[in-house]
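A.B. asks: Following this line is model-v5.txt, made up of compact mmCIF, C-alpha atoms and all ligand atoms:
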# COMPACT_ATOMS: atom_id res chain seq x y z
CA MET N 1 5.17 -72.87 32.85
CA GLY N 2 5.35 -73.89 29.19
CA GLY N 3 6.97 -76.97 27.73
CA PHE N 4 3.85 -79.11 27.68
CA GLY N 5 2.81 -81.11 24.65
CA TRP N 6 0.90 -84.03 23.14
CA SER N 7 1.60 -86.46 25.99
CA SER N 8 1.30 -84.08 28.95
CA SER N 9 -1.29 -85.09 31.54
CA THR N 10 -3.65 -83.03 33.69
CA ASP N 11 -1.49 -83.56 36.79
CA GLU N 12 1.65 -82.48 34.95
CA VAL N 13 0.00 -79.34 33.58
CA LEU N 14 -1.34 -78.40 37.03
CA ALA N 15 1.79 -79.39 39.00
CA GLY N 16 2.82 -76.64 41.42
CA LYS N 17 -0.43 -74.69 40.93
CA ASP N 18 -2.66 -73.75 43.85
CA LEU N 19 -6.31 -73.48 42.81
CA SER N 20 -7.74 -72.95 46.28
CA GLY N 21 -10.39 -70.23 46.19
CA THR N 22 -10.99 -70.90 42.47
CA SER N 23 -14.54 -71.91 41.47
CA VAL N 24 -14.78 -74.00 38.34
CA PHE N 25 -18.08 -74.77 36.57
CA ILE N 26 -17.74 -77.81 34.28
CA THR N 27 -20.45 -79.13 31.96
CA GLY N 28 -20.51 -82.87 31.24
CA ALA N 29 -18.55 -83.38 34.46
CA ASN N 30 -19.97 -86.85 35.07
CA SER N 31 -17.94 -88.55 32.34
CA GLY N 32 -14.72 -88.70 30.33
CA LEU N 33 -12.75 -85.49 29.99
CA GLY N 34 -15.08 -83.39 32.14
CA GLN N 35 -14.78 -85.76 35.10
CA GLU N 36 -10.98 -85.89 34.77
CA THR N 37 -10.78 -82.09 34.56
CA ALA N 38 -12.89 -81.93 37.73
CA ARG N 39 -10.68 -84.46 39.53
CA ALA N 40 -7.41 -82.83 38.55
CA MET N 41 -8.53 -79.30 39.47
CA ALA N 42 -10.13 -80.50 42.72
CA ALA N 43 -6.81 -82.11 43.62
CA LYS N 44 -5.27 -78.63 43.40
CA GLY N 45 -7.84 -77.20 45.81
CA ALA N 46 -10.42 -75.80 43.39
CA HIS N 47 -14.12 -75.74 44.24
CA ILE N 48 -15.80 -77.64 41.41
CA ILE N 49 -19.41 -77.20 40.29
CA MET N 50 -20.11 -80.37 38.34
CA ALA N 51 -22.96 -80.00 35.85
CA GLY N 52 -24.67 -82.97 34.25
CA ARG N 53 -28.14 -83.97 33.16
CA ASP N 54 -28.49 -86.99 35.44
CA GLN N 55 -28.11 -86.69 39.22
CA ALA N 56 -27.33 -90.40 39.64
CA LYS N 57 -24.43 -90.16 37.17
CA LEU N 58 -23.20 -87.02 38.91
CA ASP N 59 -23.33 -88.81 42.27
CA GLU N 60 -21.26 -91.67 40.84
CA ALA N 61 -18.68 -89.25 39.47
CA VAL N 62 -18.51 -87.42 42.82
CA ALA N 63 -17.91 -90.74 44.60
CA ALA N 64 -15.18 -91.66 42.12
CA ILE N 65 -13.39 -88.34 42.58
CA LEU N 66 -13.70 -88.46 46.38
CA GLY N 67 -12.15 -91.94 46.17
CA THR N 68 -8.89 -90.38 44.98
CA VAL N 69 -9.16 -86.78 46.26
CA SER N 70 -10.72 -87.14 49.68
CA LYS N 71 -10.81 -83.38 50.40
CA ALA N 72 -12.31 -82.47 47.03
CA GLN N 73 -14.83 -79.62 47.25
CA LEU N 74 -17.56 -80.71 44.86
CA ASP N 75 -21.04 -79.39 44.19
CA THR N 76 -23.39 -80.77 41.57
CA ILE N 77 -26.07 -79.15 39.47
CA THR N 78 -28.48 -80.80 37.04
CA LEU N 79 -28.57 -79.23 33.63
CA ASP N 80 -29.77 -80.49 30.25
CA LEU N 81 -28.09 -78.47 27.52
CA GLY N 82 -30.74 -79.72 25.11
CA SER N 83 -33.44 -77.66 26.83
CA LEU N 84 -33.49 -73.88 27.21
CA GLU N 85 -35.94 -74.26 30.09
CA SER N 86 -33.51 -76.55 31.92
CA ILE N 87 -30.62 -74.13 31.26
CA ARG N 88 -32.60 -71.17 32.61
CA ALA N 89 -33.71 -73.13 35.70
CA ALA N 90 -30.19 -74.44 36.42
CA THR N 91 -28.52 -71.06 36.00
CA SER N 92 -31.11 -69.37 38.18
CA ARG N 93 -30.27 -71.94 40.90
CA ALA N 94 -26.54 -71.42 40.27
CA ARG N 95 -26.89 -67.66 40.76
CA GLN N 96 -28.61 -68.30 44.11
CA ARG N 97 -26.16 -70.96 45.28
CA PHE N 98 -22.79 -69.60 44.15
CA ASP N 99 -21.11 -66.19 44.51
CA LYS N 100 -18.84 -66.39 41.49
CA ILE N 101 -17.36 -68.57 38.78
CA ASP N 102 -13.67 -68.15 38.01
CA LEU N 103 -13.40 -70.74 35.25
CA LEU N 104 -16.22 -71.99 33.03
CA ILE N 105 -15.37 -75.18 31.15
CA ASN N 106 -17.99 -75.76 28.43
CA ASN N 107 -17.05 -79.41 28.00
CA ALA N 108 -20.24 -81.43 27.44
CA GLY N 109 -20.86 -82.78 23.99
CA VAL N 110 -22.69 -85.24 21.80
CA MET N 111 -21.08 -86.71 18.68
CA ALA N 112 -22.44 -88.17 15.44
CA CYS N 113 -25.89 -89.02 16.80
CA PRO N 114 -28.80 -89.89 14.51
CA PHE N 115 -30.98 -86.99 13.32
CA MET N 116 -32.58 -85.83 16.56
CA HIS N 117 -33.81 -82.56 18.04
CA THR N 118 -33.46 -80.77 21.34
CA ALA N 119 -36.54 -79.85 23.37
CA ASP N 120 -36.61 -76.52 21.52
CA GLY N 121 -36.46 -78.10 18.07
CA PHE N 122 -32.80 -77.45 17.28
CA GLU N 123 -30.77 -80.18 15.57
CA MET N 124 -29.25 -82.12 18.47
CA GLN N 125 -25.51 -81.55 17.94
CA PHE N 126 -25.74 -77.86 17.02
CA GLY N 127 -28.37 -77.39 19.74
CA THR N 128 -26.44 -79.13 22.53
CA ASN N 129 -22.81 -78.49 21.68
CA HIS N 130 -23.20 -74.87 20.64
CA LEU N 131 -26.60 -73.28 21.34
CA GLY N 132 -26.94 -74.86 24.79
CA HIS N 133 -23.51 -73.61 25.82
CA PHE N 134 -24.21 -70.19 24.28
CA ALA N 135 -27.36 -69.80 26.40
CA LEU N 136 -25.64 -71.24 29.50
CA THR N 137 -22.69 -68.86 29.22
CA ALA N 138 -24.99 -65.85 28.77
CA GLU N 139 -26.90 -66.78 31.94
CA LEU N 140 -23.69 -67.42 33.93
CA MET N 141 -21.98 -64.21 32.82
CA PRO N 142 -22.89 -62.25 36.00
CA LEU N 143 -21.10 -64.95 38.05
CA ILE N 144 -18.09 -64.97 35.71
CA GLU N 145 -17.83 -61.19 35.94
CA ARG N 146 -17.53 -61.61 39.72
CA GLY N 147 -14.78 -64.25 39.35
CA HIS N 148 -11.05 -63.61 39.43
CA ALA N 149 -9.54 -65.85 36.75
CA LYS N 150 -12.28 -64.95 34.25
CA ARG N 151 -11.58 -67.66 31.68
CA ILE N 152 -14.01 -69.62 29.52
CA VAL N 153 -12.82 -72.84 27.86
CA ASN N 154 -14.94 -74.25 25.02
CA LEU N 155 -14.29 -77.87 24.06
CA SER N 156 -14.13 -77.99 20.29
CA SER N 157 -12.55 -80.78 18.23
CA ARG N 158 -10.35 -81.43 15.24
CA GLY N 159 -13.69 -82.64 13.89
CA HIS N 160 -14.32 -78.95 13.13
CA HIS N 161 -12.26 -79.67 9.96
CA PHE N 162 -15.30 -81.60 8.68
CA ALA N 163 -17.55 -78.56 8.21
CA ALA N 164 -18.06 -74.81 8.54
CA VAL N 165 -21.30 -73.43 9.97
CA ASP N 166 -24.06 -73.41 7.34
CA PHE N 167 -25.77 -70.13 8.19
CA ASP N 168 -28.59 -70.82 5.71
CA ASP N 169 -29.53 -74.13 7.28
CA PRO N 170 -27.86 -74.75 10.66
CA ASN N 171 -30.58 -77.16 11.76
CA PHE N 172 -30.59 -79.35 8.62
CA GLU N 173 -34.13 -78.39 7.65
CA HIS N 174 -33.40 -78.20 3.92
CA ARG N 175 -30.32 -80.40 3.41
CA PRO N 176 -29.76 -84.09 4.05
CA TYR N 177 -28.55 -84.83 7.56
CA ASP N 178 -25.00 -86.13 7.91
CA PRO N 179 -23.87 -86.93 11.47
CA TRP N 180 -20.25 -85.87 10.79
CA VAL N 181 -21.12 -82.67 8.96
CA SER N 182 -23.35 -81.86 11.91
CA TYR N 183 -20.62 -82.63 14.47
CA GLY N 184 -18.11 -80.61 12.44
CA GLN N 185 -20.50 -77.65 12.20
CA SER N 186 -21.14 -77.71 15.96
CA LYS N 187 -17.42 -77.88 16.75
CA THR N 188 -16.67 -75.01 14.34
CA ALA N 189 -19.38 -73.10 16.18
CA ASN N 190 -17.51 -73.74 19.46
CA VAL N 191 -14.43 -71.98 18.01
CA LEU N 192 -16.44 -69.10 16.51
CA PHE N 193 -18.19 -68.65 19.88
CA THR N 194 -14.74 -68.42 21.50
CA VAL N 195 -13.77 -65.71 19.02
CA GLY N 196 -17.08 -63.89 19.62
CA LEU N 197 -16.63 -64.00 23.41
CA GLU N 198 -13.13 -62.60 23.13
CA GLN N 199 -14.29 -59.79 20.84
CA ARG N 200 -16.95 -58.71 23.31
CA PHE N 201 -15.55 -59.47 26.76
CA ALA N 202 -11.75 -59.12 26.60
CA VAL N 203 -12.33 -55.51 27.58
CA LEU N 204 -13.76 -56.77 30.89
CA GLY N 205 -10.76 -59.08 31.41
CA ILE N 206 -12.79 -62.18 30.43
CA HIS N 207 -10.96 -64.40 27.95
CA ALA N 208 -12.08 -67.45 26.00
CA TYR N 209 -10.12 -70.43 24.64
CA ALA N 210 -11.19 -73.23 22.30
CA VAL N 211 -9.65 -76.66 22.86
CA HIS N 212 -9.14 -79.79 20.79
CA PRO N 213 -8.34 -82.46 23.40
CA GLY N 214 -7.02 -85.16 21.02
CA GLY N 215 -8.54 -88.54 20.30
CA ILE N 216 -9.56 -90.26 23.53
CA GLN N 217 -11.71 -93.32 24.14
CA THR N 218 -14.62 -92.08 26.25
CA ASN N 219 -18.40 -92.43 26.10
CA LEU N 220 -18.46 -89.94 23.22
CA GLY N 221 -18.57 -92.71 20.62
CA ARG N 222 -21.84 -94.12 21.99
CA HIS N 223 -23.85 -93.25 18.87
CA MET N 224 -21.37 -94.76 16.45
CA THR N 225 -22.16 -98.01 14.67
CA GLU N 226 -19.34 -100.49 13.98
CA GLU N 227 -19.29 -99.27 10.36
CA MET N 228 -18.95 -95.65 11.48
CA VAL N 229 -16.06 -96.54 13.81
CA ALA N 230 -14.31 -98.44 11.01
CA ALA N 231 -14.82 -95.60 8.51
CA LEU N 232 -13.58 -92.99 10.99
CA MET N 233 -10.48 -95.00 11.90
CA GLU N 234 -9.74 -95.52 8.20
CA ARG N 235 -10.07 -91.76 7.67
CA VAL N 236 -7.73 -90.76 10.51
CA THR N 237 -5.14 -93.49 10.06
CA SER N 238 -4.88 -93.23 6.25
CA SER N 239 -4.35 -89.46 6.36
CA ASP N 240 -1.14 -87.64 7.28
CA SER N 241 -2.39 -87.26 10.85
CA GLY N 242 -0.15 -89.87 12.55
CA PHE N 243 -3.17 -90.66 14.74
CA GLU N 244 -2.69 -92.15 18.23
CA TRP N 245 -5.16 -92.35 21.10
CA LYS N 246 -4.48 -90.27 24.20
CA THR N 247 -5.31 -91.40 27.72
CA ILE N 248 -8.11 -89.49 29.46
CA PRO N 249 -5.63 -87.50 31.64
CA GLN N 250 -3.69 -86.58 28.49
CA GLY N 251 -6.93 -85.63 26.76
CA ALA N 252 -8.08 -83.34 29.57
CA ALA N 253 -4.64 -81.72 29.87
CA THR N 254 -5.25 -79.07 27.20
CA SER N 255 -8.46 -77.93 28.96
CA CYS N 256 -6.49 -77.59 32.23
CA TRP N 257 -3.70 -75.77 30.39
CA ALA N 258 -6.04 -73.34 28.62
CA ALA N 259 -7.78 -72.63 31.93
CA THR N 260 -4.63 -71.92 33.93
CA ALA N 261 -1.54 -71.23 31.77
CA PRO N 262 -0.03 -67.87 32.73
CA GLU N 263 1.34 -67.44 29.20
CA LEU N 264 -2.25 -67.30 27.88
CA GLU N 265 -3.25 -64.41 30.15
CA GLY N 266 -5.01 -61.76 28.07
CA LYS N 267 -4.53 -63.80 24.88
CA GLY N 268 -7.88 -65.46 24.26
CA GLY N 269 -9.88 -66.05 21.09
CA VAL N 270 -7.48 -68.85 20.16
CA TYR N 271 -7.71 -72.58 19.43
CA CYS N 272 -5.46 -74.85 21.50
CA GLU N 273 -4.34 -78.44 20.99
CA ASP N 274 -1.62 -80.53 22.66
CA CYS N 275 -1.10 -77.74 25.24
CA HIS N 276 -0.19 -75.04 22.76
CA VAL N 277 -1.97 -72.46 20.61
CA ALA N 278 -2.49 -73.89 17.13
CA GLY N 279 -2.01 -71.86 13.97
CA VAL N 280 -4.49 -71.38 11.14
CA ASP N 281 -4.22 -74.21 8.60
CA ASP N 282 -6.72 -74.92 5.83
CA VAL N 283 -5.02 -78.05 4.53
CA SER N 284 -3.49 -80.27 7.22
CA SER N 285 -5.52 -83.10 8.71
CA SER N 286 -3.01 -83.46 11.56
CA GLY N 287 -3.66 -80.18 13.33
CA GLY N 288 -4.38 -76.50 13.20
CA VAL N 289 -7.55 -74.48 13.07
CA ARG N 290 -9.49 -73.83 9.87
CA SER N 291 -9.73 -70.16 8.84
CA TYR N 292 -13.56 -70.38 8.69
CA ALA N 293 -13.54 -71.19 12.42
CA VAL N 294 -11.66 -68.04 13.49
CA ASN N 295 -13.22 -65.60 11.00
CA SER N 296 -14.50 -62.64 12.99
CA SER N 297 -17.40 -61.87 10.59
CA TYR N 298 -18.62 -65.46 10.86
CA ALA N 299 -18.23 -65.17 14.64
CA ASP N 300 -20.52 -62.11 14.58
CA GLN N 301 -23.00 -63.85 12.29
CA LEU N 302 -23.11 -66.87 14.61
CA TRP N 303 -23.54 -64.64 17.65
CA LYS N 304 -26.58 -62.93 16.12
CA LEU N 305 -28.06 -66.24 14.96
CA SER N 306 -27.54 -67.79 18.41
CA GLU N 307 -29.21 -64.82 20.12
CA GLU N 308 -32.17 -65.07 17.75
CA LEU N 309 -32.57 -68.83 18.14
CA THR N 310 -32.13 -69.03 21.92
CA GLY N 311 -33.40 -65.61 23.00
CA ALA N 312 -30.31 -65.48 25.26
CA LYS N 313 -28.80 -62.06 25.83
CA PHE N 314 -25.34 -61.42 27.23
CA PRO N 315 -24.97 -58.44 29.56
CA SER N 316 -23.77 -55.46 27.52
N1 LIG N 401 -13.07 -88.01 23.27
C1 LIG N 401 -12.55 -87.47 22.18
O1 LIG N 401 -11.79 -88.12 21.43
C2 LIG N 401 -12.83 -86.04 21.84
C3 LIG N 401 -12.20 -85.49 20.70
C4 LIG N 401 -12.46 -84.18 20.36
C5 LIG N 401 -13.32 -83.43 21.13
N2 LIG N 401 -13.93 -83.98 22.21
C6 LIG N 401 -14.89 -83.14 22.98
O2 LIG N 401 -14.64 -83.28 24.36
C7 LIG N 401 -15.84 -83.05 25.10
C8 LIG N 401 -15.99 -84.12 26.18
O3 LIG N 401 -16.19 -85.36 25.55
P1 LIG N 401 -15.82 -86.77 26.18
O4 LIG N 401 -14.90 -87.42 25.24
O5 LIG N 401 -15.44 -86.62 27.61
O6 LIG N 401 -17.24 -87.53 26.03
P2 LIG N 401 -18.22 -88.20 27.10
O7 LIG N 401 -17.48 -89.10 28.01
O8 LIG N 401 -19.33 -88.76 26.28
O9 LIG N 401 -18.74 -86.96 27.92
C9 LIG N 401 -19.67 -86.07 27.36
C10 LIG N 401 -20.44 -85.40 28.46
O10 LIG N 401 -21.40 -84.51 27.86
C11 LIG N 401 -22.64 -84.73 28.52
N3 LIG N 401 -23.78 -84.34 27.71
C12 LIG N 401 -24.16 -84.80 26.50
N4 LIG N 401 -25.33 -84.26 26.15
C13 LIG N 401 -25.70 -83.43 27.15
C14 LIG N 401 -26.82 -82.62 27.40
N5 LIG N 401 -27.86 -82.53 26.53
N6 LIG N 401 -26.89 -81.92 28.55
C15 LIG N 401 -25.89 -81.99 29.45
N7 LIG N 401 -24.80 -82.77 29.30
C16 LIG N 401 -24.72 -83.49 28.16
C17 LIG N 401 -22.65 -86.21 28.81
O11 LIG N 401 -23.66 -86.51 29.75
P3 LIG N 401 -24.34 -87.98 29.83
O12 LIG N 401 -23.32 -88.86 30.47
O13 LIG N 401 -25.57 -87.76 30.63
O14 LIG N 401 -24.64 -88.38 28.42
C18 LIG N 401 -21.25 -86.39 29.33
O15 LIG N 401 -21.17 -85.98 30.67
C19 LIG N 401 -16.97 -83.01 24.07
O16 LIG N 401 -17.34 -81.67 23.84
C20 LIG N 401 -16.33 -83.59 22.82
O17 LIG N 401 -16.91 -83.10 21.62
C21 LIG N 401 -13.70 -85.27 22.60
Could you express the structure from this file as structure tokens?
C.D. replies:
Amino acid sequence: MGGFGWSSSTDEVLAGKDLSGTSVFITGANSGLGQETARAMAAKGAHIIMAGRDQAKLDEAVAAILGTVSKAQLDTITLDLGSLESIRAATSRARQRFDKIDLLINNAGVMACPFMHTADGFEMQFGTNHLGHFALTAELMPLIERGHAKRIVNLSSRGHHFAAVDFDDPNFEHRPYDPWVSYGQSKTANVLFTVGLEQRFAVLGIHAYAVHPGGIQTNLGRHMTEEMVAALMERVTSSDSGFEWKTIPQGAATSCWAATAPELEGKGGVYCEDCHVAGVDDVSSSGGVRSYAVNSSYADQLWKLSEELTGAKFPS
């Protein structure tokens, strides 16, 4: 039950749970938090559909998980969230291969990359972190509707404090590109998408949760220069945040908690960190969700913009 916090690990959060018969679709499952979420849930008997853009990396992750969970039920699917064509092809295969999805963990992400574009011309971080997952979720909705647990977990970040969504220029066509403003915008979009999903699908028993996992050393920092790392560390350690790194199992714990906690049943549209629901806070740098990230009008505005940009349509 409850009682989990900053230092709780995936195995602690899932202790005593039986996930057999539960199908979990995880994006970015070949690395970092996604791979650990896959391992921990597989250890509890879940069937995991591991999505990643590189089959060789997926194969390596499968081998690593089977090394510790020999009976893990793992499937893989190749999916590039930076390409609508790839998303449509992968989800069409998923609908043929799988009967249902109980838990969708929209975990993949890119952080603070140089100014780049997805195959469809969207700015890379907004395009991958938000628009790709928006289109993916729309295409997977028929499988989620057939699932039992019916939860969607969207990996956001405390980095959403850096920026709201700029509805006039989400793709940085008319303003100078800043890798952190872009990351912040995309992670705010992950929370607004969570709110939008809850507004539309709670009535069908489908609930969505946004998660800040903490600060964890994974491959996410691959685009950061030494100067960027130094500036970021200065920012987090000189603020009131009391920053400390989490281990990967601690980092993936909040995703596992949001996906399975009985106390969250029917209570989606929220932002979780350290295995609890965080309150709205427009000042603190040590936690909480910004009001612009849970504003239901902005959530609607983002939903419409995302439909227009991707052409994706959720079942009504
Ligand atoms: N680590 C942290 O401190 C931290 C803090 C706050 C939030 N988060 C969030 O947690 C999530 C997981 O991050 P992580 O720390 O585990 O990072 P990670 O180890 O870099 O994993 C990110 C995953 O996303 C995948 N990915 C990136 N671009 C993709 C694309 N176009 N199509 C499909 N998959 C793509 C990566 O695939 P490749 O291996 O092929 O690149 C990788 O599997 C992210 O959403 C991140 O924003 C992390």
A.B. asks: Select all residues near (-8.4, -77.1, 28.3) (cut-off 7 Å, inclusive, file coordinates), counting all atoms listed in the file, and output them as a PyMOL selection string.
C.D. replies: chain N and resi 153+211+252-259
A.B. asks: May I have the residues within 9 Å of Gly132 (chain N) as a count of residues only, using all atoms listed in the file and disregarding those fewer than 6 positions away in the same chain?
C.D. replies: 8
A.B. asks: To one decimal in Å, tell me the separation between CA of Ala189 (chain N) and CA of Gly266 (chain N).
C.D. replies: 21.8 Å
A.B. asks: Which distance in Å separates atom O8 of ligand LIG 401 (chain N) and CA of Thr218 (chain N), to one decimal?
C.D. replies: 5.8 Å
A.B. asks: Determine, counting only C-alpha atoms, which protein, DNA and RNA residues have an atom within 6 Å of an atom of region 15-30 of chain N; residues of the same chain fewer than 3 positions away are not included. Present the result as a list of chain:residue names.
C.D. replies: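 Near neighbours after the sequence-gap exclusion: N:Asp11, N:Glu12, N:Gly34, N:Gln35, N:Lys44, N:Gly45, N:Ala46, N:His47, N:Ile48, N:Ile49, N:Met50, N:Ala51, N:Gly52, N:Lys57, N:Leu58, N:Ala61, N:Ile101, N:Asp102, N:Leu103, N:Leu104, N:Ile105, N:Asn106, N:Asn107, N:Ala108.
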A.B. asks: So how far away is CA of His223 (chain N) from CA of Thr137 (chain N), in Å?
C.D. replies: 26.5 Å
A.B. asks: List as a PDB file with C-alpha atoms, in the frame of the given file the protein and nucleic acid residues near region 288-305 of chain N, meaning an atom at most 6 Å away when only C-alpha atoms are counted, but skip any in the same chain fewer than 3 places from it.
C.D. replies:
ATOM      1  CA  THR N 188     -16.670 -75.010  14.340  1.00  0.00           C
ATOM      2  CA  VAL N 191     -14.430 -71.980  18.010  1.00  0.00           C
ATOM      3  CA  LEU N 192     -16.440 -69.100  16.510  1.00  0.00           C
ATOM      4  CA  GLY N 196     -17.080 -63.890  19.620  1.00  0.00           C
ATOM      5  CA  ALA N 278      -2.490 -73.890  17.130  1.00  0.00           C
ATOM      6  CA  GLY N 279      -2.010 -71.860  13.970  1.00  0.00           C
ATOM      7  CA  VAL N 280      -4.490 -71.380  11.140  1.00  0.00           C
ATOM      8  CA  ASP N 281      -4.220 -74.210   8.600  1.00  0.00           C
ATOM      9  CA  ASP N 282      -6.720 -74.920   5.830  1.00  0.00           C
ATOM     10  CA  GLU N 308     -32.170 -65.070  17.750  1.00  0.00           C
TER      11      GLU N 308
END
A.B. asks: Could you check the closest approach to Thr37 (chain N) for each of N:Leu197, N:Ala63, N:Ile77, N:Ile248 and tell me which residue wins, using only C-alpha atoms?
C.D. replies: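 Nearest to Thr37 (chain N): N:Ile248.
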A.B. asks: Excluding Ser306 (chain N) and residues on its chain fewer than 6 positions from it, collect all residues at most 8 Å away from it, counting all atoms listed in the file, and give them as a list in words.
C.D. replies: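 Non-adjacent residues within range: Leu131, Phe134 and Ala312 of chain N.
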A.B. asks: Point out the residue among N:Ser157, N:Ser285, N:Ser182, N:Thr78 with the least atom-to-atom distance to Glu123 (chain N), counting only C-alpha atoms.
C.D. replies: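 Nearest candidate to Glu123 (chain N) out of N:Ser157, N:Ser285, N:Ser182, N:Thr78: N:Ser182.
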A.B. asks: Counting only C-alpha atoms and all ligand atoms, which residue out of N:Leu309, N:Met116, N:Met111, N:Ala40 sits closest to ligand LIG 401 (chain N)?
C.D. replies: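 The closest residue to ligand LIG 401 (chain N) is N:Met111.
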A.B. asks: Out of N:Pro315, N:Gly287, N:Pro114, N:Pro170, which residue has the shortest atom-to-atom distance to Met141 (chain N) when counting only C-alpha atoms?
C.D. replies: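 Comparing N:Pro315, N:Gly287, N:Pro114, N:Pro170 against Met141 (chain N), the winner is N:Pro315.
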A.B. asks: Between N:Leu264, N:Ala208, N:Ala56, N:Ala230, which one has atoms that come closest to ligand LIG 401 (chain N), using only C-alpha atoms and all ligand atoms?
C.D. replies: N:Ala56
A.B. asks: Between N:His161, N:His174, N:Arg95, N:Lys187, which has the minimum distance to Leu143 (chain N) (counting only C-alpha atoms)?
C.D. replies: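 Counting only C-alpha atoms, the residue closest to Leu143 (chain N) is N:Arg95.
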A.B. asks: Might I get the box with edges along x, y and z of the file that holds all atoms of ligand LIG 401 (chain N) listed there, padded by 8 Å on every side, given as centre and edge lengths in Å to one decimal, as lines of an AutoDock Vina configuration file?
C.D. replies:
center_x = -19.8
center_y = -85.4
center_z = 25.5
size_x = 32.1
size_y = 23.4
size_z = 26.3
A.B. asks: Enumerate, as a PyMOL selection string, the protein, DNA and RNA residues whose atoms approach (-24.7, -60.4, 38.0) to within 12 Å, taking into account only C-alpha atoms and the coordinate frame of the file.
C.D. replies: chain N and resi 91-92+94-96+98-101+138-147+314-316
